[in-house]
>>> print(open('structure.tsv').read())   # TSV, N, CA and C atoms
chain	number	residue	atom	x	y	z
A	1	MET	N	15.96	-20.45	-25.35
A	1	MET	CA	15.06	-19.31	-25.36
A	1	MET	C	14.38	-19.12	-24.00
A	2	LYS	N	14.05	-20.21	-23.30
A	2	LYS	CA	13.39	-20.08	-22.01
A	2	LYS	C	14.30	-19.40	-21.00
A	3	LYS	N	15.60	-19.70	-21.06
A	3	LYS	CA	16.55	-19.07	-20.13
A	3	LYS	C	16.55	-17.56	-20.30
A	4	THR	N	16.52	-17.10	-21.53
A	4	THR	CA	16.55	-15.66	-21.81
A	4	THR	C	15.29	-14.98	-21.28
A	5	THR	N	14.12	-15.57	-21.53
A	5	THR	CA	12.90	-14.92	-21.08
A	5	THR	C	12.80	-14.93	-19.56
A	6	SER	N	13.19	-16.02	-18.92
A	6	SER	CA	13.15	-16.06	-17.46
A	6	SER	C	14.12	-15.04	-16.88
A	7	SER	N	15.32	-14.96	-17.44
A	7	SER	CA	16.28	-13.96	-16.97
A	7	SER	C	15.75	-12.56	-17.19
A	8	PHE	N	15.09	-12.34	-18.31
A	8	PHE	CA	14.52	-11.02	-18.60
A	8	PHE	C	13.50	-10.62	-17.53
A	9	TYR	N	12.61	-11.54	-17.16
A	9	TYR	CA	11.59	-11.23	-16.16
A	9	TYR	C	12.21	-11.05	-14.78
A	10	ASP	N	13.26	-11.82	-14.47
A	10	ASP	CA	13.95	-11.61	-13.21
A	10	ASP	C	14.62	-10.25	-13.17
A	11	ILE	N	15.28	-9.88	-14.24
A	11	ILE	CA	15.94	-8.57	-14.30
A	11	ILE	C	14.90	-7.45	-14.25
A	12	LEU	N	13.78	-7.63	-14.95
A	12	LEU	CA	12.69	-6.65	-14.90
A	12	LEU	C	12.17	-6.53	-13.46
A	13	GLY	N	11.96	-7.65	-12.80
A	13	GLY	CA	11.47	-7.63	-11.42
A	13	GLY	C	12.46	-7.01	-10.46
A	14	ILE	N	13.74	-7.37	-10.59
A	14	ILE	CA	14.77	-6.79	-9.72
A	14	ILE	C	14.83	-5.27	-9.92
A	15	SER	N	14.83	-4.86	-11.17
A	15	SER	CA	14.90	-3.42	-11.48
A	15	SER	C	13.70	-2.67	-10.94
A	16	SER	N	12.52	-3.20	-11.20
A	16	SER	CA	11.29	-2.55	-10.76
A	16	SER	C	11.23	-2.49	-9.23
A	17	ALA	N	11.57	-3.58	-8.56
A	17	ALA	CA	11.53	-3.61	-7.10
A	17	ALA	C	12.56	-2.66	-6.50
A	18	THR	N	13.74	-2.59	-7.10
A	18	THR	CA	14.78	-1.69	-6.59
A	18	THR	C	14.37	-0.23	-6.77
A	19	ILE	N	13.86	0.11	-7.95
A	19	ILE	CA	13.41	1.48	-8.20
A	19	ILE	C	12.26	1.83	-7.26
A	20	CYS	N	11.36	0.89	-7.06
A	20	CYS	CA	10.23	1.11	-6.16
A	20	CYS	C	10.71	1.34	-4.74
A	21	LEU	N	11.65	0.51	-4.28
A	21	LEU	CA	12.16	0.66	-2.92
A	21	LEU	C	12.89	1.99	-2.74
A	22	VAL	N	13.69	2.37	-3.70
A	22	VAL	CA	14.38	3.66	-3.64
A	22	VAL	C	13.35	4.79	-3.62
A	23	HIS	N	12.34	4.68	-4.46
A	23	HIS	CA	11.26	5.68	-4.50
A	23	HIS	C	10.59	5.79	-3.13
A	24	CYS	N	10.29	4.65	-2.52
A	24	CYS	CA	9.59	4.66	-1.23
A	24	CYS	C	10.46	5.20	-0.10
A	25	LEU	N	11.76	5.01	-0.20
A	25	LEU	CA	12.66	5.49	0.84
A	25	LEU	C	13.04	6.96	0.65
A	26	ILE	N	13.26	7.39	-0.58
A	26	ILE	CA	13.75	8.74	-0.85
A	26	ILE	C	12.62	9.76	-0.98
A	27	PHE	N	11.50	9.37	-1.56
A	27	PHE	CA	10.44	10.33	-1.85
A	27	PHE	C	9.93	11.07	-0.62
A	28	PRO	N	9.73	10.39	0.53
A	28	PRO	CA	9.28	11.14	1.71
A	28	PRO	C	10.26	12.24	2.12
A	29	LEU	N	11.54	12.02	1.89
A	29	LEU	CA	12.52	13.06	2.21
A	29	LEU	C	12.41	14.24	1.26
A	30	LEU	N	12.08	13.95	-0.01
A	30	LEU	CA	11.94	15.03	-0.99
A	30	LEU	C	10.71	15.89	-0.74
A	31	THR	N	9.68	15.32	-0.11
A	31	THR	CA	8.48	16.12	0.16
A	31	THR	C	8.71	17.15	1.25
A	32	ILE	N	9.76	16.97	2.03
A	32	ILE	CA	10.10	17.95	3.07
A	32	ILE	C	10.64	19.23	2.42
A	33	LEU	N	11.39	19.06	1.34
A	33	LEU	CA	11.95	20.22	0.65
A	33	LEU	C	10.85	21.01	-0.05
A	34	PRO	N	10.98	22.31	-0.15
A	34	PRO	CA	9.94	23.12	-0.80
A	34	PRO	C	10.01	23.05	-2.33
A	35	LEU	N	9.80	21.85	-2.87
A	35	LEU	CA	9.83	21.66	-4.33
A	35	LEU	C	8.44	21.53	-4.94
A	36	GLY	N	7.43	21.49	-4.11
A	36	GLY	CA	6.06	21.36	-4.60
A	36	GLY	C	5.70	19.92	-4.95
A	37	LEU	N	6.44	18.94	-4.44
A	37	LEU	CA	6.14	17.54	-4.71
A	37	LEU	C	5.13	17.01	-3.72
A	38	SER	N	4.25	16.15	-4.18
A	38	SER	CA	3.33	15.47	-3.29
A	38	SER	C	3.26	14.00	-3.69
A	39	HIS	N	2.81	13.16	-2.76
A	39	HIS	CA	2.74	11.73	-3.00
A	39	HIS	C	1.62	11.41	-3.98
A	40	ASN	N	1.91	10.55	-4.93
A	40	ASN	CA	0.92	10.12	-5.91
A	40	ASN	C	0.89	8.60	-5.93
A	41	PRO	N	-0.20	7.98	-5.44
A	41	PRO	CA	-0.27	6.51	-5.40
A	41	PRO	C	-0.27	5.86	-6.78
A	42	VAL	N	-0.50	6.63	-7.83
A	42	VAL	CA	-0.49	6.08	-9.19
A	42	VAL	C	0.91	5.55	-9.54
A	43	ILE	N	1.93	6.23	-9.04
A	43	ILE	CA	3.31	5.76	-9.26
A	43	ILE	C	3.50	4.41	-8.58
A	44	ASP	N	2.99	4.27	-7.38
A	44	ASP	CA	3.08	2.99	-6.67
A	44	ASP	C	2.33	1.90	-7.44
A	45	LEU	N	1.18	2.25	-7.98
A	45	LEU	CA	0.41	1.29	-8.78
A	45	LEU	C	1.17	0.85	-10.03
A	46	LEU	N	1.88	1.78	-10.64
A	46	LEU	CA	2.68	1.46	-11.81
A	46	LEU	C	3.77	0.44	-11.47
A	47	PHE	N	4.52	0.69	-10.40
A	47	PHE	CA	5.56	-0.25	-9.98
A	47	PHE	C	4.96	-1.61	-9.62
A	48	ALA	N	3.84	-1.61	-8.90
A	48	ALA	CA	3.21	-2.86	-8.49
A	48	ALA	C	2.69	-3.65	-9.70
A	49	SER	N	2.20	-2.94	-10.70
A	49	SER	CA	1.71	-3.62	-11.91
A	49	SER	C	2.86	-4.28	-12.67
A	50	ILE	N	3.96	-3.58	-12.80
A	50	ILE	CA	5.14	-4.17	-13.47
A	50	ILE	C	5.62	-5.38	-12.68
A	51	GLY	N	5.68	-5.24	-11.36
A	51	GLY	CA	6.10	-6.35	-10.51
A	51	GLY	C	5.16	-7.53	-10.60
A	52	SER	N	3.86	-7.27	-10.64
A	52	SER	CA	2.88	-8.35	-10.75
A	52	SER	C	3.03	-9.10	-12.07
A	53	PHE	N	3.28	-8.36	-13.13
A	53	PHE	CA	3.48	-8.98	-14.45
A	53	PHE	C	4.70	-9.90	-14.42
A	54	ALA	N	5.79	-9.42	-13.84
A	54	ALA	CA	7.02	-10.23	-13.76
A	54	ALA	C	6.79	-11.46	-12.88
A	55	ILE	N	6.10	-11.29	-11.78
A	55	ILE	CA	5.83	-12.42	-10.89
A	55	ILE	C	4.94	-13.46	-11.57
A	56	PHE	N	3.93	-13.01	-12.28
A	56	PHE	CA	3.04	-13.92	-12.99
A	56	PHE	C	3.83	-14.81	-13.95
A	57	LYS	N	4.78	-14.23	-14.64
A	57	LYS	CA	5.59	-14.98	-15.60
A	57	LYS	C	6.58	-15.91	-14.91
A	58	ILE	N	7.13	-15.47	-13.79
A	58	ILE	CA	8.19	-16.23	-13.12
A	58	ILE	C	7.66	-17.39	-12.29
A	59	THR	N	6.55	-17.19	-11.58
A	59	THR	CA	6.09	-18.21	-10.64
A	59	THR	C	5.67	-19.51	-11.32
A	60	LYS	N	5.38	-19.48	-12.58
A	60	LYS	CA	5.02	-20.70	-13.30
A	60	LYS	C	6.18	-21.70	-13.37
A	61	LYS	N	7.41	-21.17	-13.38
A	61	LYS	CA	8.57	-22.03	-13.59
A	61	LYS	C	9.56	-21.99	-12.43
A	62	SER	N	9.19	-21.39	-11.33
A	62	SER	CA	10.15	-21.25	-10.23
A	62	SER	C	9.86	-22.26	-9.12
A	63	THR	N	10.76	-22.30	-8.16
A	63	THR	CA	10.61	-23.22	-7.03
A	63	THR	C	9.54	-22.70	-6.07
A	64	LEU	N	9.13	-23.57	-5.16
A	64	LEU	CA	8.12	-23.19	-4.18
A	64	LEU	C	8.63	-22.05	-3.28
A	65	LEU	N	9.90	-22.10	-2.92
A	65	LEU	CA	10.48	-21.05	-2.08
A	65	LEU	C	10.41	-19.69	-2.76
A	66	VAL	N	10.87	-19.64	-4.01
A	66	VAL	CA	10.87	-18.38	-4.76
A	66	VAL	C	9.44	-17.88	-4.98
A	67	SER	N	8.55	-18.78	-5.38
A	67	SER	CA	7.16	-18.39	-5.60
A	67	SER	C	6.54	-17.83	-4.33
A	68	SER	N	6.79	-18.49	-3.20
A	68	SER	CA	6.24	-18.04	-1.91
A	68	SER	C	6.76	-16.66	-1.55
A	69	ILE	N	8.07	-16.46	-1.68
A	69	ILE	CA	8.66	-15.16	-1.34
A	69	ILE	C	8.05	-14.07	-2.21
A	70	LEU	N	7.95	-14.33	-3.52
A	70	LEU	CA	7.44	-13.32	-4.43
A	70	LEU	C	5.96	-13.01	-4.20
A	71	ILE	N	5.17	-14.03	-3.98
A	71	ILE	CA	3.72	-13.82	-3.79
A	71	ILE	C	3.45	-13.10	-2.47
A	72	VAL	N	4.12	-13.50	-1.40
A	72	VAL	CA	3.93	-12.83	-0.11
A	72	VAL	C	4.40	-11.37	-0.20
A	73	SER	N	5.55	-11.16	-0.83
A	73	SER	CA	6.08	-9.80	-0.98
A	73	SER	C	5.14	-8.92	-1.79
A	74	MET	N	4.64	-9.44	-2.89
A	74	MET	CA	3.72	-8.66	-3.72
A	74	MET	C	2.41	-8.39	-2.98
A	75	SER	N	1.97	-9.35	-2.17
A	75	SER	CA	0.76	-9.14	-1.38
A	75	SER	C	0.96	-7.99	-0.39
A	76	LEU	N	2.13	-7.95	0.26
A	76	LEU	CA	2.42	-6.85	1.19
A	76	LEU	C	2.41	-5.50	0.47
A	77	ILE	N	2.98	-5.49	-0.73
A	77	ILE	CA	3.01	-4.25	-1.51
A	77	ILE	C	1.60	-3.80	-1.88
A	78	TRP	N	0.79	-4.73	-2.39
A	78	TRP	CA	-0.57	-4.38	-2.79
A	78	TRP	C	-1.41	-3.93	-1.59
A	79	ILE	N	-1.27	-4.60	-0.45
A	79	ILE	CA	-2.01	-4.18	0.75
A	79	ILE	C	-1.63	-2.75	1.13
A	80	SER	N	-0.36	-2.45	1.10
A	80	SER	CA	0.11	-1.11	1.45
A	80	SER	C	-0.40	-0.06	0.47
A	81	ILE	N	-0.32	-0.36	-0.82
A	81	ILE	CA	-0.77	0.60	-1.84
A	81	ILE	C	-2.28	0.83	-1.75
A	82	LEU	N	-3.04	-0.23	-1.60
A	82	LEU	CA	-4.49	-0.09	-1.54
A	82	LEU	C	-4.93	0.63	-0.26
A	83	ALA	N	-4.23	0.37	0.85
A	83	ALA	CA	-4.53	1.10	2.09
A	83	ALA	C	-4.26	2.58	1.92
A	84	ASP	N	-3.17	2.90	1.23
A	84	ASP	CA	-2.83	4.30	0.98
A	84	ASP	C	-3.84	4.95	0.03
A	85	LEU	N	-4.22	4.22	-0.99
A	85	LEU	CA	-5.12	4.76	-2.00
A	85	LEU	C	-6.54	4.97	-1.48
A	86	PHE	N	-7.08	3.98	-0.77
A	86	PHE	CA	-8.48	4.06	-0.35
A	86	PHE	C	-8.68	4.57	1.07
A	87	LEU	N	-7.75	4.25	1.96
A	87	LEU	CA	-7.91	4.64	3.36
A	87	LEU	C	-7.00	5.79	3.77
A	88	GLU	N	-6.10	6.17	2.86
A	88	GLU	CA	-5.11	7.23	3.11
A	88	GLU	C	-4.28	6.93	4.36
A	89	ILE	N	-3.92	5.65	4.50
A	89	ILE	CA	-3.06	5.20	5.60
A	89	ILE	C	-1.77	4.69	4.99
A	90	HIS	N	-0.64	5.20	5.47
A	90	HIS	CA	0.66	4.72	4.98
A	90	HIS	C	1.13	3.57	5.85
A	91	LEU	N	1.26	2.39	5.24
A	91	LEU	CA	1.76	1.22	5.95
A	91	LEU	C	3.20	0.95	5.53
A	92	GLU	N	4.01	0.55	6.48
A	92	GLU	CA	5.41	0.25	6.19
A	92	GLU	C	5.59	-1.11	5.54
A	93	LEU	N	4.51	-1.81	5.30
A	93	LEU	CA	4.58	-3.12	4.64
A	93	LEU	C	5.22	-3.04	3.26
A	94	ILE	N	5.10	-1.90	2.63
A	94	ILE	CA	5.64	-1.74	1.28
A	94	ILE	C	7.16	-1.89	1.27
A	95	TYR	N	7.82	-1.47	2.34
A	95	TYR	CA	9.28	-1.62	2.41
A	95	TYR	C	9.69	-3.09	2.49
A	96	PHE	N	8.98	-3.84	3.33
A	96	PHE	CA	9.27	-5.27	3.46
A	96	PHE	C	8.94	-6.01	2.17
A	97	GLY	N	7.86	-5.60	1.53
A	97	GLY	CA	7.50	-6.21	0.25
A	97	GLY	C	8.53	-5.93	-0.82
A	98	GLY	N	9.05	-4.71	-0.87
A	98	GLY	CA	10.08	-4.36	-1.86
A	98	GLY	C	11.37	-5.14	-1.65
A	99	ILE	N	11.78	-5.26	-0.39
A	99	ILE	CA	12.98	-6.03	-0.08
A	99	ILE	C	12.77	-7.50	-0.42
A	100	GLY	N	11.59	-8.03	-0.09
A	100	GLY	CA	11.27	-9.42	-0.42
A	100	GLY	C	11.27	-9.67	-1.92
A	101	MET	N	10.75	-8.70	-2.68
A	101	MET	CA	10.74	-8.85	-4.14
A	101	MET	C	12.16	-8.93	-4.69
A	102	ILE	N	13.02	-8.06	-4.21
A	102	ILE	CA	14.42	-8.06	-4.67
A	102	ILE	C	15.07	-9.41	-4.32
A	103	ILE	N	14.89	-9.86	-3.10
A	103	ILE	CA	15.48	-11.13	-2.66
A	103	ILE	C	14.94	-12.29	-3.48
A	104	GLY	N	13.61	-12.34	-3.66
A	104	GLY	CA	13.00	-13.43	-4.44
A	104	GLY	C	13.51	-13.48	-5.87
A	105	HIS	N	13.59	-12.33	-6.52
A	105	HIS	CA	14.07	-12.29	-7.90
A	105	HIS	C	15.55	-12.66	-7.99
A	106	LEU	N	16.35	-12.20	-7.02
A	106	LEU	CA	17.77	-12.55	-7.03
A	106	LEU	C	17.98	-14.05	-6.84
A	107	ILE	N	17.23	-14.66	-5.92
A	107	ILE	CA	17.33	-16.11	-5.71
A	107	ILE	C	16.94	-16.84	-6.98
A	108	ASN	N	15.84	-16.44	-7.59
A	108	ASN	CA	15.38	-17.10	-8.81
A	108	ASN	C	16.39	-16.93	-9.94
A	109	TYR	N	16.95	-15.75	-10.06
A	109	TYR	CA	17.95	-15.49	-11.11
A	109	TYR	C	19.18	-16.38	-10.92
A	110	LYS	N	19.63	-16.49	-9.68
A	110	LYS	CA	20.80	-17.33	-9.40
A	110	LYS	C	20.51	-18.81	-9.61
A	111	LEU	N	19.31	-19.26	-9.24
A	111	LEU	CA	18.94	-20.66	-9.47
A	111	LEU	C	18.91	-20.99	-10.96
A	112	HIS	N	18.34	-20.09	-11.76
A	112	HIS	CA	18.29	-20.31	-13.21
A	112	HIS	C	19.68	-20.27	-13.81
A	113	LYS	N	20.51	-19.42	-13.28
A	113	LYS	CA	21.88	-19.32	-13.79
A	113	LYS	C	22.64	-20.63	-13.52
A	114	LYS	N	22.44	-21.21	-12.32
A	114	LYS	CA	23.08	-22.48	-11.98
A	114	LYS	C	22.57	-23.62	-12.85
A	115	GLN	N	21.28	-23.67	-13.09
A	115	GLN	CA	20.67	-24.75	-13.87
A	115	GLN	C	21.11	-24.73	-15.33
A	116	ASN	N	21.38	-23.56	-15.85
A	116	ASN	CA	21.71	-23.44	-17.28
A	116	ASN	C	23.20	-23.38	-17.56
A	117	HIS	N	24.01	-23.55	-16.53
A	117	HIS	CA	25.47	-23.55	-16.76
A	117	HIS	C	26.08	-24.83	-16.30
>>> encode(input="structure.tsv", output="structure tokens")
Amino acid sequence: MKKTTSSFYDILGISSATICLVHCLIFPLLTILPLGLSHNPVIDLLFASIGSFAIFKITKKSTLLVSSILIVSMSLIWISILADLFLEIHLELIYFGGIGMIIGHLINYKLHKKQNH
């Protein structure tokens, strides 16, 4: 049962981080088009909350390397989101945080897969 729940949180984290990264890369291009779209930091908060939940569950049972990658990556994401929300400054840290989240979850997923097979 533990393997299934850990895999679930890794897949949730990978999915959320990938969707977030795609959102962060594509959305600025969509705002150029006359579609009436504008940036909403609430969407970023939603992705960060899902990612934080997955990280909270995963770091309890993961290696120091994976935990470090995930915590540093999530910190970069939160710093970027909060700077955008309160200071209206767009920091590129969110891109590095998103890539780090994907890498951390993939490493953790592969480590768990090796341990359980």
>>> atom_distance(input="structure.tsv", atom1="atom CA of Lys110 of chain A", atom2="atom CA of Phe47 of chain A")
22.9 Å
>>> closest_residue(input="structure.tsv", among="A:Val42, A:Val66, A:Ile55, A:Leu25", to="Ile103 of chain A", atoms="all atoms listed in the file")
A:Val66
>>> residues_around(input="structure.tsv", residues="segment 96-98 of chain A", least_positions_apart="4", cutoff="5 Å", atoms="only N, CA and C atoms", output="short mmCIF file (atom, residue, chain, number, x, y, z; two decimals) with N, CA and C atoms, keeping the file's coordinate frame")
data_model
loop_
_atom_site.label_atom_id
_atom_site.label_comp_id
_atom_site.auth_asym_id
_atom_site.auth_seq_id
_atom_site.Cartn_x
_atom_site.Cartn_y
_atom_site.Cartn_z
N SER A 73 5.55 -11.16 -0.83
CA SER A 73 6.08 -9.80 -0.98
C SER A 73 5.14 -8.92 -1.79
N ILE A 77 2.98 -5.49 -0.73
CA ILE A 77 3.01 -4.25 -1.51
C ILE A 77 1.60 -3.80 -1.88
N GLU A 92 4.01 0.55 6.48
CA GLU A 92 5.41 0.25 6.19
C GLU A 92 5.59 -1.11 5.54
N ILE A 102 13.02 -8.06 -4.21
CA ILE A 102 14.42 -8.06 -4.67
C ILE A 102 15.07 -9.41 -4.32
#
>>> select_by_dssp(input="structure.tsv", residues="chain A", states="alpha helix (DSSP H)", output="number ranges by chain")
A: 2-32, 41-59, 64-82, 93-115
>>> residues_around(input="structure.tsv", residues="segment 11-20 of chain A", least_positions_apart="6", cutoff="9 Å", atoms="only C-alpha atoms", output="compact mmCIF listing (two decimals) with N, CA and C atoms, in the frame of the given file")
# COMPACT_ATOMS: atom_id res chain seq x y z
N ILE A 43 1.93 6.23 -9.04
CA ILE A 43 3.31 5.76 -9.26
C ILE A 43 3.50 4.41 -8.58
N ASP A 44 2.99 4.27 -7.38
CA ASP A 44 3.08 2.99 -6.67
C ASP A 44 2.33 1.90 -7.44
N PHE A 47 4.52 0.69 -10.40
CA PHE A 47 5.56 -0.25 -9.98
C PHE A 47 4.96 -1.61 -9.62
N ALA A 48 3.84 -1.61 -8.90
CA ALA A 48 3.21 -2.86 -8.49
C ALA A 48 2.69 -3.65 -9.70
N ILE A 50 3.96 -3.58 -12.80
CA ILE A 50 5.14 -4.17 -13.47
C ILE A 50 5.62 -5.38 -12.68
N GLY A 51 5.68 -5.24 -11.36
CA GLY A 51 6.10 -6.35 -10.51
C GLY A 51 5.16 -7.53 -10.60
N SER A 52 3.86 -7.27 -10.64
CA SER A 52 2.88 -8.35 -10.75
C SER A 52 3.03 -9.10 -12.07
N PHE A 53 3.28 -8.36 -13.13
CA PHE A 53 3.48 -8.98 -14.45
C PHE A 53 4.70 -9.90 -14.42
N ALA A 54 5.79 -9.42 -13.84
CA ALA A 54 7.02 -10.23 -13.76
C ALA A 54 6.79 -11.46 -12.88
N ILE A 55 6.10 -11.29 -11.78
CA ILE A 55 5.83 -12.42 -10.89
C ILE A 55 4.94 -13.46 -11.57
N GLY A 97 7.86 -5.60 1.53
CA GLY A 97 7.50 -6.21 0.25
C GLY A 97 8.53 -5.93 -0.82
N GLY A 98 9.05 -4.71 -0.87
CA GLY A 98 10.08 -4.36 -1.86
C GLY A 98 11.37 -5.14 -1.65
N ILE A 99 11.78 -5.26 -0.39
CA ILE A 99 12.98 -6.03 -0.08
C ILE A 99 12.77 -7.50 -0.42
N GLY A 100 11.59 -8.03 -0.09
CA GLY A 100 11.27 -9.42 -0.42
C GLY A 100 11.27 -9.67 -1.92
N MET A 101 10.75 -8.70 -2.68
CA MET A 101 10.74 -8.85 -4.14
C MET A 101 12.16 -8.93 -4.69
N ILE A 102 13.02 -8.06 -4.21
CA ILE A 102 14.42 -8.06 -4.67
C ILE A 102 15.07 -9.41 -4.32
N ILE A 103 14.89 -9.86 -3.10
CA ILE A 103 15.48 -11.13 -2.66
C ILE A 103 14.94 -12.29 -3.48
N GLY A 104 13.61 -12.34 -3.66
CA GLY A 104 13.00 -13.43 -4.44
C GLY A 104 13.51 -13.48 -5.87
N HIS A 105 13.59 -12.33 -6.52
CA HIS A 105 14.07 -12.29 -7.90
C HIS A 105 15.55 -12.66 -7.99
N LEU A 106 16.35 -12.20 -7.02
CA LEU A 106 17.77 -12.55 -7.03
C LEU A 106 17.98 -14.05 -6.84
N TYR A 109 16.95 -15.75 -10.06
CA TYR A 109 17.95 -15.49 -11.11
C TYR A 109 19.18 -16.38 -10.92
>>> atom_distance(input="structure.tsv", atom1="atom N of Leu46 of chain A", atom2="atom CA of Ile89 of chain A")
17.3 Å
>>> residues_near_point(input="structure.tsv", point="(0.8, 1.7, 4.4)", cutoff="10 Å", atoms="only C-alpha atoms", output="PyMOL selection string")
chain A and resi 76-85+87-95
>>> closest_residue(input="structure.tsv", among="A:Thr63, A:Ser75, A:Ser68, A:Asn108", to="Phe8 of chain A", atoms="only C-alpha atoms")
A:Asn108
>>> atom_distance(input="structure.tsv", atom1="atom C of Ile107 of chain A", atom2="atom CA of Ser62 of chain A")
8.7 Å
